[in-house]
Amino acid sequence: MTDCLFCAIGSGAIPAAIVAETDRVAVFRDVNPQAPVHLLAIPKAHFGSVAELAAVAPDLVSDLITEGSAAAVAEGATNGYRIVFNTGHDGGQSVGHVHTHVLGGRQLTWPPG
Ligand code: 5GP
Ligand code: ZN
């Protein structure tokens, strides 16, 4: 999709600190980290939300979780981490290309704000 920030990161057109990559997914550091480890895992193809991705390509949901989990541990979140898909307006999704946040490296609180 044109004018999509995460499509551009996935294709390499816009640089990001990529920590893991396959032919179909990329994992990179969030530019505004909320924890010592804060990664984003995306499919390189454009999907708007995790629900859309789950409906059309559920194997990619699995890939995001598998790659994001491995990268979290590799980046130092060896004591646990959190995987979250912010979805839609009330879910706090600000980039309209599905991504999972992978947060760790400190004790995370609950409930989220
Ligand atoms: P959302 O608000 O949609 O759940 O998450 C979007 C995330 O993308 C935010 O945590 C934000 O910091 C991150 N982000 C926005 N623009 C960029 C960018 O250009 N590069 C990187 N690496 N992260 C970005
Ligand atoms: Zn996109």
# chains A, B, ... in the order shown; residues from 1 in each chain; ligands from 1
>>> select_by_dssp(residues="segment 49-88 of chain A", states="strand (DSSP E)", output="MDAnalysis selection string")
chainID A and resid 81:84
>>> residues_near_ligand(ligand="ligand 2", cutoff="6 Å", atoms="only C-alpha atoms and all ligand atoms", output="short mmCIF file (atom, residue, chain, number, x, y, z; two decimals) with C-alpha atoms, in the first residue's frame")
data_model
loop_
_atom_site.label_atom_id
_atom_site.label_comp_id
_atom_site.auth_asym_id
_atom_site.auth_seq_id
_atom_site.Cartn_x
_atom_site.Cartn_y
_atom_site.Cartn_z
CA MET A 1 0.00 0.00 0.00
CA CYS A 4 1.94 3.28 4.62
CA PHE A 6 5.12 0.06 8.01
CA CYS A 7 4.87 -1.13 4.38
CA HIS A 46 -0.26 -4.81 4.17
CA HIS A 97 -0.69 -1.63 9.33
#
>>> atom_distance(atom1="atom CA of Ser94 of chain A", atom2="atom CA of Ile42 of chain A")
14.1 Å
>>> residues_near_ligand(ligand="ligand 1", cutoff="9 Å", atoms="only C-alpha atoms and all ligand atoms", output="ChimeraX atom specification")
/A:5-6,9,14-18,28-34,38-40,84-88,91-101
>>> write_last_selection(atoms="C-alpha atoms", output="compact mmCIF listing (two decimals), in the first residue's frame")
# COMPACT_ATOMS: atom_id res chain seq x y z
CA LEU A 5 4.82 3.73 7.06
CA PHE A 6 5.12 0.06 8.01
CA ILE A 9 9.76 -0.26 6.73
CA ILE A 14 12.39 3.55 5.24
CA PRO A 15 15.11 2.42 7.65
CA ALA A 16 14.40 0.83 11.01
CA ALA A 17 16.43 -1.04 13.61
CA ILE A 18 15.48 -4.50 12.40
CA PHE A 28 12.24 -3.95 14.62
CA ARG A 29 12.75 -1.64 17.60
CA ASP A 30 9.98 0.84 18.38
CA VAL A 31 11.24 4.40 17.84
CA ASN A 32 9.58 5.51 21.12
CA PRO A 33 10.25 2.60 23.47
CA GLN A 34 7.99 2.12 26.50
CA HIS A 38 10.10 -2.69 22.87
CA LEU A 39 9.82 -4.37 19.49
CA LEU A 40 7.23 -4.27 16.74
CA VAL A 84 -0.18 -6.92 22.45
CA PHE A 85 -2.05 -5.94 19.31
CA ASN A 86 -3.53 -2.48 19.80
CA THR A 87 -6.58 -2.56 17.55
CA GLY A 88 -8.73 0.31 16.33
CA GLY A 91 -7.44 -0.01 21.36
CA GLY A 92 -4.93 2.77 20.77
CA GLN A 93 -3.84 1.74 17.26
CA SER A 94 -2.14 4.71 15.60
CA VAL A 95 -0.52 2.99 12.60
CA GLY A 96 -2.95 1.28 10.24
CA HIS A 97 -0.69 -1.63 9.33
CA VAL A 98 -1.03 -4.54 11.74
CA HIS A 99 1.80 -4.81 14.24
CA THR A 100 2.29 -6.54 17.52
CA HIS A 101 4.10 -4.79 20.33
>>> residues_around(residues="Ser69 of chain A", least_positions_apart="4", cutoff="8 Å", atoms="only C-alpha atoms", output="number ranges by chain")
A: 65, 73, 102
>>> residues_around(residues="Ala70 of chain A", least_positions_apart="4", cutoff="12 Å", atoms="only C-alpha atoms", output="PyMOL selection string")
chain A and resi 19-21+27+39+41+63-66+74-78+80-81+83+102
>>> atom_distance(atom1="atom CA of Asp23 of chain A", atom2="atom CA of Gly48 of chain A")
19.3 Å
>>> select_by_dssp(residues="chain A", states="helix (DSSP H, G or I)", output="ChimeraX atom specification")
/A:5-11,50-56,58-74,88-91
>>> write_last_selection(atoms="N, CA, C and O atoms", output="short mmCIF file (atom, residue, chain, number, x, y, z; two decimals), in the first residue's frame")
data_model
loop_
_atom_site.label_atom_id
_atom_site.label_comp_id
_atom_site.auth_asym_id
_atom_site.auth_seq_id
_atom_site.Cartn_x
_atom_site.Cartn_y
_atom_site.Cartn_z
N LEU A 5 3.51 3.71 6.41
CA LEU A 5 4.82 3.73 7.06
C LEU A 5 5.39 2.32 7.24
O LEU A 5 6.57 2.07 6.96
N PHE A 6 4.57 1.38 7.71
CA PHE A 6 5.12 0.06 8.01
C PHE A 6 5.29 -0.78 6.75
O PHE A 6 6.14 -1.68 6.73
N CYS A 7 4.55 -0.51 5.67
CA CYS A 7 4.87 -1.13 4.38
C CYS A 7 6.27 -0.67 3.96
O CYS A 7 7.07 -1.47 3.46
N ALA A 8 6.55 0.62 4.16
CA ALA A 8 7.85 1.16 3.76
C ALA A 8 8.98 0.58 4.61
O ALA A 8 10.07 0.29 4.10
N ILE A 9 8.74 0.38 5.89
CA ILE A 9 9.76 -0.26 6.73
C ILE A 9 9.93 -1.71 6.31
O ILE A 9 11.05 -2.23 6.20
N GLY A 10 8.84 -2.39 6.05
CA GLY A 10 8.91 -3.81 5.66
C GLY A 10 9.66 -4.03 4.36
O GLY A 10 10.33 -5.05 4.19
N SER A 11 9.55 -3.07 3.46
CA SER A 11 10.23 -3.20 2.16
C SER A 11 11.66 -2.68 2.20
O SER A 11 12.41 -2.84 1.22
N VAL A 50 -5.23 -6.95 13.22
CA VAL A 50 -4.97 -8.36 13.52
C VAL A 50 -6.18 -9.22 13.16
O VAL A 50 -6.02 -10.38 12.74
N ALA A 51 -7.39 -8.66 13.26
CA ALA A 51 -8.58 -9.44 12.89
C ALA A 51 -8.57 -9.73 11.38
O ALA A 51 -8.88 -10.85 10.95
N GLU A 52 -8.20 -8.72 10.60
CA GLU A 52 -8.10 -8.92 9.14
C GLU A 52 -7.02 -9.95 8.83
O GLU A 52 -7.21 -10.84 8.00
N LEU A 53 -5.90 -9.84 9.52
CA LEU A 53 -4.80 -10.79 9.28
C LEU A 53 -5.22 -12.21 9.67
O LEU A 53 -4.96 -13.17 8.92
N ALA A 54 -5.89 -12.34 10.80
CA ALA A 54 -6.32 -13.66 11.26
C ALA A 54 -7.32 -14.29 10.30
O ALA A 54 -7.33 -15.51 10.09
N ALA A 55 -8.17 -13.45 9.68
CA ALA A 55 -9.18 -13.96 8.76
C ALA A 55 -8.57 -14.40 7.44
O ALA A 55 -9.01 -15.38 6.83
N VAL A 56 -7.57 -13.67 6.98
CA VAL A 56 -7.02 -13.89 5.63
C VAL A 56 -5.77 -14.76 5.65
O VAL A 56 -5.57 -15.59 4.76
N PRO A 58 -3.97 -16.56 8.72
CA PRO A 58 -3.72 -16.87 10.13
C PRO A 58 -2.30 -17.36 10.41
O PRO A 58 -1.78 -17.19 11.52
N ASP A 59 -1.67 -17.94 9.40
CA ASP A 59 -0.28 -18.38 9.60
C ASP A 59 0.65 -17.20 9.87
O ASP A 59 1.66 -17.35 10.57
N LEU A 60 0.29 -16.03 9.36
CA LEU A 60 1.11 -14.84 9.61
C LEU A 60 0.95 -14.34 11.05
O LEU A 60 1.89 -13.78 11.61
N VAL A 61 -0.23 -14.54 11.63
CA VAL A 61 -0.39 -14.20 13.06
C VAL A 61 0.58 -15.06 13.87
O VAL A 61 1.28 -14.56 14.76
N SER A 62 0.61 -16.31 13.53
CA SER A 62 1.53 -17.23 14.20
C SER A 62 2.98 -16.80 13.99
O SER A 62 3.79 -16.81 14.94
N ASP A 63 3.32 -16.41 12.77
CA ASP A 63 4.69 -15.97 12.49
C ASP A 63 5.06 -14.74 13.33
O ASP A 63 6.18 -14.65 13.84
N LEU A 64 4.13 -13.79 13.47
CA LEU A 64 4.42 -12.59 14.26
C LEU A 64 4.71 -12.97 15.71
O LEU A 64 5.64 -12.43 16.33
N ILE A 65 3.93 -13.89 16.24
CA ILE A 65 4.12 -14.29 17.64
C ILE A 65 5.42 -15.08 17.80
O ILE A 65 6.19 -14.85 18.74
N THR A 66 5.68 -15.98 16.87
CA THR A 66 6.89 -16.79 16.94
C THR A 66 8.14 -15.92 16.81
O THR A 66 9.08 -16.01 17.64
N GLU A 67 8.18 -15.08 15.81
CA GLU A 67 9.35 -14.23 15.58
C GLU A 67 9.50 -13.16 16.66
O GLU A 67 10.61 -12.85 17.11
N GLY A 68 8.36 -12.59 17.09
CA GLY A 68 8.41 -11.57 18.14
C GLY A 68 8.89 -12.15 19.46
O GLY A 68 9.69 -11.53 20.17
N SER A 69 8.43 -13.34 19.79
CA SER A 69 8.85 -13.99 21.04
C SER A 69 10.34 -14.30 21.03
O SER A 69 11.06 -14.03 22.01
N ALA A 70 10.82 -14.86 19.96
CA ALA A 70 12.24 -15.20 19.86
C ALA A 70 13.10 -13.94 19.94
O ALA A 70 14.14 -13.91 20.61
N ALA A 71 12.65 -12.88 19.28
CA ALA A 71 13.42 -11.64 19.28
C ALA A 71 13.41 -11.00 20.67
O ALA A 71 14.42 -10.43 21.09
N ALA A 72 12.28 -11.11 21.39
CA ALA A 72 12.22 -10.54 22.74
C ALA A 72 13.29 -11.17 23.62
O ALA A 72 14.02 -10.47 24.33
N VAL A 73 13.39 -12.47 23.58
CA VAL A 73 14.39 -13.18 24.40
C VAL A 73 15.79 -12.82 23.94
O VAL A 73 16.69 -12.53 24.75
N ALA A 74 15.99 -12.78 22.62
CA ALA A 74 17.32 -12.43 22.08
C ALA A 74 17.74 -11.02 22.47
O ALA A 74 18.93 -10.74 22.65
N GLY A 88 -7.69 -0.70 16.49
CA GLY A 88 -8.73 0.31 16.33
C GLY A 88 -8.54 1.50 17.26
O GLY A 88 -7.57 1.59 18.02
N HIS A 89 -9.48 2.42 17.19
CA HIS A 89 -9.37 3.68 17.93
C HIS A 89 -9.28 3.46 19.43
O HIS A 89 -8.34 3.93 20.09
N ASP A 90 -10.23 2.74 19.98
CA ASP A 90 -10.22 2.56 21.43
C ASP A 90 -9.09 1.66 21.90
O ASP A 90 -8.68 1.73 23.06
N GLY A 91 -8.58 0.84 21.01
CA GLY A 91 -7.44 -0.01 21.36
C GLY A 91 -6.12 0.72 21.31
O GLY A 91 -5.08 0.16 21.67
#
>>> closest_residue(among="A:Arg82, A:Gly12, A:Pro36, A:Phe47", to="Arg106 of chain A", atoms="only C-alpha atoms")
A:Pro36
